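Data file: run31.txt. Format and content: compact mmCIF, C-alpha atoms.
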# COMPACT_ATOMS: atom_id res chain seq x y z
CA MET P 1 99.14 65.38 81.14
CA SER P 2 101.14 66.19 84.18
CA THR P 3 104.37 66.19 82.20
CA GLU P 4 103.07 69.04 80.08
CA ILE P 5 102.21 71.05 83.14
CA GLY P 6 105.60 70.18 84.56
CA ASN P 7 107.28 71.57 81.51
CA LEU P 8 105.14 74.63 81.42
CA LYS P 9 105.67 75.51 85.05
CA LYS P 10 109.25 74.61 85.80
CA ILE P 11 110.93 76.10 88.83
CA LEU P 12 114.72 76.30 88.64
CA LEU P 13 116.39 75.88 92.02
CA VAL P 14 120.05 76.88 92.09
CA GLU P 15 121.41 75.55 95.35
CA ASP P 16 124.63 73.75 96.24
CA ASP P 17 123.77 72.72 99.81
CA PRO P 18 122.09 69.29 99.64
CA ARG P 19 120.34 69.89 102.96
CA ASP P 20 118.73 73.08 101.70
CA VAL P 21 117.74 71.30 98.48
CA GLU P 22 116.09 68.55 100.47
CA LEU P 23 114.25 70.97 102.73
CA THR P 24 113.09 73.10 99.83
CA LEU P 25 111.78 70.12 97.89
CA THR P 26 110.05 68.78 100.99
CA ALA P 27 108.35 72.12 101.56
CA LEU P 28 107.26 72.37 97.93
CA ALA P 29 106.01 68.79 97.92
CA GLU P 30 103.26 69.77 100.35
CA HIS P 31 101.77 71.91 97.60
CA HIS P 32 102.53 69.34 94.90
CA LEU P 33 105.13 71.60 93.38
CA ALA P 34 108.21 69.46 93.98
CA ASN P 35 108.04 67.56 90.70
CA GLN P 36 108.19 70.84 88.82
CA VAL P 37 111.54 71.72 90.32
CA LYS P 38 114.79 71.39 88.41
CA VAL P 39 117.74 71.49 90.77
CA VAL P 40 121.19 72.62 89.66
CA GLY P 41 124.16 72.84 91.99
CA ASP P 42 126.16 75.81 90.78
CA GLY P 43 125.92 79.07 88.88
CA ALA P 44 127.52 77.80 85.68
CA GLU P 45 125.05 74.94 85.49
CA ALA P 46 122.17 77.36 86.04
CA LEU P 47 123.25 79.36 83.00
CA ASP P 48 123.73 76.19 80.96
CA TYR P 49 120.15 75.27 81.80
CA LEU P 50 118.75 78.69 80.90
CA TYR P 51 120.73 78.89 77.66
CA ARG P 52 120.04 75.23 76.83
CA ARG P 53 123.64 74.39 76.27
CA GLY P 54 126.13 71.82 77.54
CA LYS P 55 124.28 68.94 79.17
CA PHE P 56 121.00 70.84 78.84
CA GLN P 57 121.19 71.38 75.08
CA ASP P 58 118.45 68.81 74.47
CA ARG P 59 116.05 69.92 77.15
CA ALA P 60 112.55 70.97 76.14
CA GLY P 61 112.19 74.65 75.38
CA GLY P 62 110.66 77.21 77.66
CA ASN P 63 111.86 79.26 80.55
CA PRO P 64 111.25 78.41 84.18
CA ILE P 65 108.43 80.40 85.78
CA VAL P 66 110.87 81.47 88.47
CA VAL P 67 114.52 80.99 89.37
CA LEU P 68 115.27 80.42 93.06
CA LEU P 69 118.86 81.47 93.45
CA ASP P 70 121.24 80.96 96.34
CA LEU P 71 123.94 83.61 96.59
CA LYS P 72 126.91 81.57 97.75
CA LEU P 73 127.54 79.14 94.94
CA PRO P 74 130.57 77.39 93.48
CA LYS P 75 131.99 78.45 90.09
CA LEU P 76 129.75 81.43 89.46
CA ASN P 77 128.10 83.02 92.48
CA GLY P 78 124.45 84.00 92.66
CA LEU P 79 125.03 87.69 92.12
CA GLU P 80 126.98 86.97 88.91
CA VAL P 81 124.22 84.69 87.68
CA LEU P 82 121.63 87.37 88.47
CA GLN P 83 123.65 89.99 86.61
CA ILE P 84 123.93 87.81 83.49
CA ILE P 85 120.22 86.95 83.50
CA LYS P 86 119.10 90.55 83.96
CA ALA P 87 121.50 91.88 81.33
CA ASP P 88 120.20 89.44 78.71
CA GLU P 89 117.24 90.64 76.64
CA GLN P 90 115.85 87.10 76.34
CA LEU P 91 116.27 86.06 79.95
CA LYS P 92 115.66 89.27 81.89
CA VAL P 93 111.90 88.73 82.01
CA ILE P 94 112.33 85.57 84.12
CA PRO P 95 111.53 86.28 87.76
CA VAL P 96 114.58 85.69 89.93
CA VAL P 97 114.17 85.25 93.67
CA VAL P 98 117.31 85.27 95.75
CA LEU P 99 117.15 82.77 98.61
CA SER P 100 120.00 83.71 100.84
CA SER P 101 121.27 83.09 104.31
CA SER P 102 122.72 86.59 104.22
CA ARG P 103 120.83 89.54 105.58
CA GLU P 104 123.83 91.76 104.92
CA THR P 105 122.69 94.98 103.39
CA PRO P 106 125.34 95.28 100.67
CA ASP P 107 124.20 91.93 99.23
CA LEU P 108 120.61 93.03 99.43
CA VAL P 109 121.18 96.39 97.76
CA LYS P 110 123.35 94.87 95.01
CA CYS P 111 120.69 92.32 94.22
CA TYR P 112 118.03 94.99 93.90
CA GLN P 113 120.35 97.14 91.80
CA HIS P 114 120.73 94.24 89.41
CA GLY P 115 117.00 93.75 89.15
CA VAL P 116 116.20 90.88 91.48
CA ASN P 117 112.44 90.32 91.67
CA ALA P 118 112.46 89.38 95.34
CA TYR P 119 114.93 88.63 98.10
CA VAL P 120 114.14 86.08 100.78
CA VAL P 121 116.37 85.38 103.76
CA LYS P 122 116.24 81.68 104.58
CA PRO P 123 114.83 81.36 108.06
CA VAL P 124 117.06 79.36 110.39
CA ASP P 125 114.10 77.83 112.17
CA PHE P 126 112.90 74.67 110.41
CA SER P 127 109.17 75.32 110.47
CA GLU P 128 109.65 78.94 109.44
CA PHE P 129 111.85 77.80 106.58
CA MET P 130 109.16 75.38 105.43
CA ARG P 131 106.50 78.04 105.63
CA ALA P 132 108.56 80.63 103.77
CA VAL P 133 109.30 78.20 100.93
CA GLN P 134 105.67 77.15 100.71
CA GLN P 135 104.47 80.75 100.54
CA LEU P 136 107.03 81.43 97.89
CA GLY P 137 106.04 78.37 95.88
CA VAL P 138 102.34 79.16 95.98
CA PHE P 139 103.00 82.77 95.09
CA TRP P 140 105.07 82.07 91.97
CA ALA P 141 103.23 78.95 90.84
CA ALA P 142 99.65 79.92 91.59
CA ILE P 143 99.05 83.66 91.48
CA ASN P 144 101.88 85.09 89.40
CA GLU P 145 101.61 85.33 85.62
CA PRO P 146 104.94 84.06 84.31
CA PRO P 147 106.55 85.90 81.42
CA PRO P 148 105.80 84.48 77.97
CA PHE P 149 108.64 82.47 76.53
CA LEU P 150 110.23 84.23 73.61
CA ALA P 151 112.27 82.19 71.23
CA PRO P 152 115.73 83.66 70.84
CA ALA P 153 115.91 86.13 67.98
CA ALA P 154 118.86 84.16 66.66
CA ALA P 155 116.41 81.47 65.60
CA GLY P 156 114.81 83.96 63.24
CA ILE P 157 111.36 83.90 64.80
CA PRO P 158 110.43 87.47 65.58
CA GLY P 159 107.98 88.84 68.11
CA ALA P 160 104.75 87.11 68.98
CA ALA P 161 105.26 84.32 66.45
CA GLY P 162 108.31 83.27 68.39
CA ARG P 163 106.30 82.51 71.46
CA ILE P 164 106.14 78.83 72.11
CA ALA P 165 104.66 76.77 74.84
CA GLY P 166 107.17 75.01 77.03
CA LYS P 167 105.96 71.58 75.98
CA GLU P 168 106.93 72.08 72.38
CA GLU P 169 110.31 70.83 71.43
CA VAL P 170 111.94 73.47 69.27
CA LYS P 171 115.57 73.30 68.32
CA HIS P 172 117.50 76.49 67.97
CA GLU P 173 120.97 76.71 66.69
CA ILE P 174 122.84 79.13 68.85
CA PRO P 175 126.53 78.72 68.26
CA ALA P 176 127.74 81.37 70.68
CA PRO P 177 127.71 80.56 74.39
CA TYR P 178 125.51 83.61 74.97
CA PRO P 179 122.84 84.82 72.59
CA ALA P 180 123.60 88.33 71.40
CA PRO P 181 121.81 90.75 73.75
CA GLY P 182 118.82 92.22 72.00
CA GLY P 183 120.00 90.76 68.73
CA LEU A 1 107.52 105.81 115.06
CA ASN A 2 104.23 105.19 113.42
CA GLU A 3 103.13 107.38 110.57
CA PRO A 4 101.21 110.21 112.19
CA GLY A 5 99.49 111.61 109.12
CA ASN A 6 98.06 108.42 107.78
CA GLN A 7 95.77 107.39 110.50
CA GLN A 8 92.71 109.54 109.99
CA GLN A 9 92.93 109.15 106.25
CA GLN A 10 92.91 105.38 106.47
CA LYS A 11 90.18 104.80 109.01
CA HIS A 12 87.54 103.31 106.80
CA THR A 13 85.22 100.79 108.22
CA PHE A 14 83.85 98.29 105.81
CA GLY A 15 80.90 95.93 106.00
CA PRO A 16 81.48 92.25 106.71
CA ASP A 17 84.74 91.53 108.47
CA HIS A 18 86.72 88.70 106.92
CA ARG A 19 89.71 89.11 109.19
CA ALA A 20 89.08 85.99 111.23
CA GLU A 21 88.93 84.03 107.99
CA TYR A 22 92.43 85.00 106.97
CA ALA A 23 94.28 86.46 109.94
CA ALA A 24 97.47 87.72 108.30
CA ASP A 25 100.31 86.33 110.36
CA LYS A 26 102.31 89.46 110.83
CA PRO A 27 102.70 92.84 109.21
CA MET A 28 105.40 93.44 106.60
CA LYS A 29 108.53 93.53 108.64
CA LYS A 30 110.21 96.68 107.37
CA TYR A 31 109.59 99.55 109.63
CA HIS A 32 107.48 102.33 108.17
CA ALA A 33 105.99 99.75 105.84
CA THR A 34 103.55 101.56 103.59
CA ILE A 35 101.51 100.13 100.76
CA MET A 36 100.67 102.23 97.72
CA ILE A 37 97.89 101.12 95.39
CA VAL A 38 97.84 102.81 91.98
CA ASP A 39 94.74 102.46 89.82
CA ASP A 40 92.70 104.83 87.69
CA ASP A 41 89.41 103.29 88.74
CA PRO A 42 88.23 104.53 92.16
CA ASN A 43 86.10 101.41 92.59
CA ASP A 44 89.13 99.17 92.11
CA LEU A 45 91.10 101.30 94.55
CA LEU A 46 88.40 100.85 97.13
CA LEU A 47 88.00 97.12 96.49
CA ILE A 48 91.73 96.42 96.65
CA GLU A 49 92.17 98.43 99.83
CA LYS A 50 89.13 96.77 101.36
CA ALA A 51 90.45 93.33 100.42
CA PHE A 52 93.79 94.10 102.07
CA ARG A 53 91.99 95.24 105.23
CA ASP A 54 89.68 92.23 105.16
CA ILE A 55 92.59 89.81 105.25
CA GLY A 56 94.00 91.63 108.26
CA VAL A 57 96.65 93.87 106.72
CA THR A 58 97.30 96.71 109.15
CA GLU A 59 100.02 98.70 107.36
CA PRO A 60 99.13 102.18 106.14
CA ILE A 61 97.66 102.04 102.64
CA TYR A 62 97.66 104.93 100.20
CA THR A 63 95.28 104.72 97.29
CA ILE A 64 96.52 106.84 94.41
CA GLN A 65 94.35 107.52 91.41
CA GLY A 66 96.38 107.23 88.22
CA GLY A 67 100.02 106.96 87.24
CA THR A 68 100.56 110.70 86.93
CA GLU A 69 99.51 111.16 90.54
CA ALA A 70 101.70 108.24 91.64
CA ILE A 71 104.76 109.76 89.98
CA ALA A 72 103.98 113.15 91.56
CA TYR A 73 103.77 111.38 94.93
CA MET A 74 107.15 109.72 94.46
CA MET A 75 108.72 112.96 93.26
CA GLY A 76 107.34 114.78 96.28
CA GLU A 77 105.51 117.35 94.19
CA GLY A 78 102.94 119.75 95.66
CA LYS A 79 101.27 118.41 98.77
CA TYR A 80 103.37 115.25 98.52
CA ALA A 81 106.44 117.26 99.56
CA ASP A 82 105.41 116.66 103.18
CA ARG A 83 106.95 113.29 103.89
CA SER A 84 105.70 113.30 107.46
CA VAL A 85 102.28 112.79 105.94
CA TYR A 86 103.01 111.20 102.56
CA THR A 87 105.49 108.51 103.53
CA TYR A 88 107.52 106.72 100.90
CA PRO A 89 105.86 103.46 100.01
CA THR A 90 107.72 100.22 100.71
CA PHE A 91 105.44 98.19 98.46
CA ILE A 92 103.50 99.24 95.36
CA THR A 93 100.75 97.65 93.32
CA THR A 94 99.99 99.29 90.01
CA ASP A 95 97.34 98.91 87.35
CA LEU A 96 98.55 99.02 83.73
CA LYS A 97 95.90 100.66 81.60
CA MET A 98 95.51 104.20 82.90
CA PRO A 99 95.05 107.54 81.14
CA GLY A 100 98.05 109.87 81.28
CA ALA A 101 100.98 108.03 82.78
CA ASP A 102 100.10 104.33 82.60
CA GLY A 103 101.50 101.46 84.65
CA PHE A 104 104.45 101.05 82.29
CA ALA A 105 105.37 104.71 82.82
CA VAL A 106 105.16 104.17 86.58
CA LEU A 107 107.47 101.15 86.33
CA GLU A 108 109.87 103.00 84.08
CA HIS A 109 109.96 105.90 86.48
CA LEU A 110 110.56 103.74 89.52
CA LYS A 111 113.07 101.36 88.05
CA ASN A 112 115.19 104.11 86.49
CA ASN A 113 115.71 105.67 89.89
CA PRO A 114 118.15 103.71 92.04
CA GLU A 115 116.43 104.83 95.23
CA TRP A 116 113.01 103.63 94.08
CA ALA A 117 114.19 100.60 92.17
CA VAL A 118 114.39 98.65 95.43
CA ILE A 119 110.67 99.07 96.15
CA PRO A 120 108.83 95.88 95.21
CA THR A 121 106.39 96.96 92.51
CA VAL A 122 103.82 94.43 91.43
CA VAL A 123 101.39 94.75 88.55
CA LEU A 124 97.72 94.18 89.38
CA THR A 125 95.73 94.47 86.20
CA ALA A 126 92.84 93.09 84.19
CA SER A 127 95.12 92.46 81.22
CA ARG A 128 96.28 88.94 80.36
CA ASP A 129 97.90 90.14 77.16
CA LEU A 130 101.25 88.42 76.71
CA ASP A 131 102.83 91.56 75.30
CA ASP A 132 101.74 93.49 78.40
CA ILE A 133 103.17 90.76 80.64
CA LYS A 134 106.47 90.75 78.78
CA LYS A 135 106.72 94.54 78.73
CA ALA A 136 105.99 94.80 82.46
CA TYR A 137 108.78 92.33 83.29
CA MET A 138 111.15 94.06 80.89
CA LEU A 139 110.51 97.31 82.76
CA GLY A 140 111.29 95.64 86.07
CA ALA A 141 107.92 94.60 87.52
CA SER A 142 108.52 92.41 90.57
CA SER A 143 105.58 90.19 89.72
CA TYR A 144 102.42 90.27 87.60
CA HIS A 145 98.89 89.44 88.68
CA VAL A 146 95.56 89.42 86.93
CA LYS A 147 92.80 90.95 89.08
CA PRO A 148 90.11 88.40 89.79
CA SER A 149 86.58 89.66 89.32
CA SER A 150 85.08 88.41 92.56
CA PRO A 151 85.94 90.03 95.90
CA ALA A 152 86.47 86.59 97.48
CA ALA A 153 89.02 85.61 94.83
CA LEU A 154 90.68 89.00 95.18
CA ARG A 155 91.02 88.46 98.93
CA GLN A 156 92.60 85.06 98.34
CA GLN A 157 95.00 86.45 95.79
CA LEU A 158 96.05 89.39 97.96
CA LYS A 159 96.48 87.05 100.93
CA VAL A 160 99.02 84.93 99.00
CA LEU A 161 100.62 88.09 97.68
CA HIS A 162 100.92 89.68 101.12
CA ASP A 163 102.11 86.45 102.77
CA PHE A 164 104.90 86.20 100.23
CA TRP A 165 106.00 89.81 100.32
CA VAL A 166 106.12 89.93 104.11
CA THR A 167 108.80 87.25 103.99
CA CYS A 168 110.94 89.30 101.60
CA GLU A 169 113.80 91.53 102.64
CA VAL A 170 114.18 95.04 101.35
CA PRO A 171 116.77 97.64 102.28
CA GLU A 172 115.71 99.57 105.33
CA VAL A 173 114.16 102.99 105.16
CA ASP A 174 114.60 106.04 107.37
CA SER A 175 111.98 107.80 109.45
CA THR A 176 110.32 109.43 106.46
CA GLY A 177 110.13 106.11 104.69
CA ARG A 178 112.91 107.09 102.33
CA GLN A 179 115.40 104.38 101.60
CA LEU A 180 118.81 104.93 103.11
CA HIS A 181 121.41 106.23 100.73
CA THR A 182 123.27 103.53 98.85
CA ASP A 183 126.20 105.35 97.27
CA SER A 184 129.01 103.55 98.99
CA GLU A 185 129.02 100.14 100.47
CA GLY A 186 131.24 101.10 103.39
CA LYS A 187 129.09 104.00 104.39
CA LEU A 188 126.00 101.89 104.14
CA GLY A 189 127.61 99.20 106.28
CA GLU A 190 128.43 101.75 108.93
CA ARG A 191 124.94 103.10 109.00
CA PHE A 192 123.47 99.67 109.41
CA ALA A 193 125.96 98.61 112.03
CA GLN A 194 124.32 100.78 114.65
CA PRO A 195 122.22 98.81 117.15
Would you encode the structure as structure tokens?
Amino acid sequence: MSTEIGNLKKILLVEDDPRDVELTLTALAEHHLANQVKVVGDGAEALDYLYRRGKFQDRAGGNPIVVLLDLKLPKLNGLEVLQIIKADEQLKVIPVVVLSSSRETPDLVKCYQHGVNAYVVKPVDFSEFMRAVQQLGVFWAAINEPPPFLAPAAAGIPGAAGRIAGKEEVKHEIPAPYPAPGG
Amino acid sequence: LNEPGNQQQQKHTFGPDHRAEYAADKPMKKYHATIMIVDDDPNDLLLIEKAFRDIGVTEPIYTIQGGTEAIAYMMGEGKYADRSVYTYPTFITTDLKMPGADGFAVLEHLKNNPEWAVIPTVVLTASRDLDDIKKAYMLGASSYHVKPSSPAALRQQLKVLHDFWVTCEVPEVDSTGRQLHTDSEGKLGERFAQP
């Protein structure tokens, strides 16, 4: 079933500019990846999605295979989101690719210091943009092995037994907004 | 500006030429781009390097046998002290299962050093073990790939891999391939402001 594959290979796109969202989805559609994309418009929503809280508390389990993260975002900016993901024992394994319009070196260095997996500057030229997004989509969806999903330790499922496929609906009760790091 | 020492070392000619088939669009855009392949198996080193060449990759490639040797290279130990010959890599692929320092040790070494942590380091291994995958990401692997067994599949995989990484930005490196110092933002800004 395509829905199962969709759940297993979700791409989380964190982007507030509707034009960039449209272009990205169009580019990914050429490789039939668009229906795997979950779009959120700001940093806070991205974290809600990853932590399955707020309006995402009922979403199916499983981590996205990659997070495509814009840097300039409302509420919580991309660098803050990156920092939170990479400081969290459960989330840090998720590949995060910064998609930025900034080539400024301080941004670049900070992202690497916080453990970004890759940093792509959005090409201004339309066809180059399309090509860059397609290459990125094929890379993360087709040839990269995504990290296994580990159920949060708070749910009391340790180690390998806690691994669940994305299609399985598993409810965890995590009262705190953030799972305890490493806990 | 091109790496003087690398040329003679890298001039292998291989059998059938698959370059026309793939024609890599453009080389990785950092200057002094240098690829390091770390693997304990000399056959794999040869096959991976050959596959990169077959798809039209023209950057210097260093094949390093084993994690211990790779760490010595990065540390500039022994012969590796000569950075005019042994340029810092700007992109690394590493195997996981190796005697001595394994791929995890290589990742740990690189990612604990701020200067090296910016070098994209991808895992290229035979292992599909979920614990290996998790551990590699925990240690900061940029991405994780299972080596295909056929040379044709390997070429395809490395083509996608190279196409993606050439579109990525990394901090610039100086003439010996070493990444520019990143202590203070202001200083860094100044250094990059020059035309």
Sorted per-residue table, range 69-148 of chain A near range 116-130 of chain P, closest atoms and distance, 9 Å, all atoms listed in the file, as CSV:
residue,atom,partner,partner_atom,distance
A:Val118,CA,P:Val116,CA,8.9
A:Pro120,CA,P:Ala118,CA,7.4
A:Gly140,CA,P:Asn117,CA,7.8
A:Ala141,CA,P:Asn117,CA,7.5
A:Ser142,CA,P:Asn117,CA,4.6
A:Ser143,CA,P:Asn117,CA,7.1
Next, dump the selected residues to file, keeping only C-alpha atoms, as a short mmCIF file (atom, residue, chain, number, x, y, z; two decimals), keeping the file's coordinate frame.
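Ended up saving to part.cif:
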data_model
loop_
_atom_site.label_atom_id
_atom_site.label_comp_id
_atom_site.auth_asym_id
_atom_site.auth_seq_id
_atom_site.Cartn_x
_atom_site.Cartn_y
_atom_site.Cartn_z
CA VAL A 118 114.39 98.65 95.43
CA PRO A 120 108.83 95.88 95.21
CA GLY A 140 111.29 95.64 86.07
CA ALA A 141 107.92 94.60 87.52
CA SER A 142 108.52 92.41 90.57
CA SER A 143 105.58 90.19 89.72
#
I need the contact residues of chain P against chain A, so if you could list those with any atom within 7 Å, counting only C-alpha atoms, and return them as an mmCIF file with C-alpha atoms, keeping the file's coordinate frame, that would help.
data_model
loop_
_atom_site.group_PDB
_atom_site.id
_atom_site.type_symbol
_atom_site.label_atom_id
_atom_site.label_comp_id
_atom_site.auth_asym_id
_atom_site.auth_seq_id
_atom_site.Cartn_x
_atom_site.Cartn_y
_atom_site.Cartn_z
ATOM 1 C CA LYS P 92 115.660 89.270 81.890
ATOM 2 C CA VAL P 93 111.900 88.730 82.010
ATOM 3 C CA THR P 105 122.690 94.980 103.390
ATOM 4 C CA PRO P 106 125.340 95.280 100.670
ATOM 5 C CA LEU P 108 120.610 93.030 99.430
ATOM 6 C CA VAL P 109 121.180 96.390 97.760
ATOM 7 C CA TYR P 112 118.030 94.990 93.900
ATOM 8 C CA GLN P 113 120.350 97.140 91.800
ATOM 9 C CA GLY P 115 117.000 93.750 89.150
ATOM 10 C CA ASN P 117 112.440 90.320 91.670
ATOM 11 C CA ALA P 118 112.460 89.380 95.340
ATOM 12 C CA TYR P 119 114.930 88.630 98.100
ATOM 13 C CA VAL P 120 114.140 86.080 100.780
ATOM 14 C CA VAL P 121 116.370 85.380 103.760
ATOM 15 C CA ALA P 132 108.560 80.630 103.770
ATOM 16 C CA GLN P 135 104.470 80.750 100.540
ATOM 17 C CA LEU P 136 107.030 81.430 97.890
ATOM 18 C CA PHE P 139 103.000 82.770 95.090
ATOM 19 C CA ILE P 143 99.050 83.660 91.480
ATOM 20 C CA ASN P 144 101.880 85.090 89.400
ATOM 21 C CA GLU P 145 101.610 85.330 85.620
ATOM 22 C CA PRO P 147 106.550 85.900 81.420
ATOM 23 C CA PRO P 148 105.800 84.480 77.970
#
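The gap separating CA of Leu99 in chain P from CA of Leu25 in chain P is 13.8 Å, in Å to one decimal.
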task: Can you pull out every residue within 12 Å of range 72-74 of chain A, counting only C-alpha atoms, but drop anything in the same chain fewer than 2 positions away, and send it as an MDAnalysis selection string?
output: chainID A and resid 36:38 62:70 76:83 85:90 92 101 106:107 109:110 113 115:117 119 177:178
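In this structure, CA of Cys111 in chain P sits 9.6 Å away from CA of Val97 in chain P.
Candidate residues A:Leu47, A:Ala105, A:Ala33, A:Ile55 were compared for distance to Ser149 in chain A, and the nearest is A:Leu47, using only C-alpha atoms.
CA of Ile65 in chain P is positioned 19.0 Å from CA of Thr125 in chain A.
Shortest atom-to-atom contact with Leu23 in chain P among P:Val133, P:Ala142, P:Ile94, P:Val67: P:Val133, counting only C-alpha atoms.
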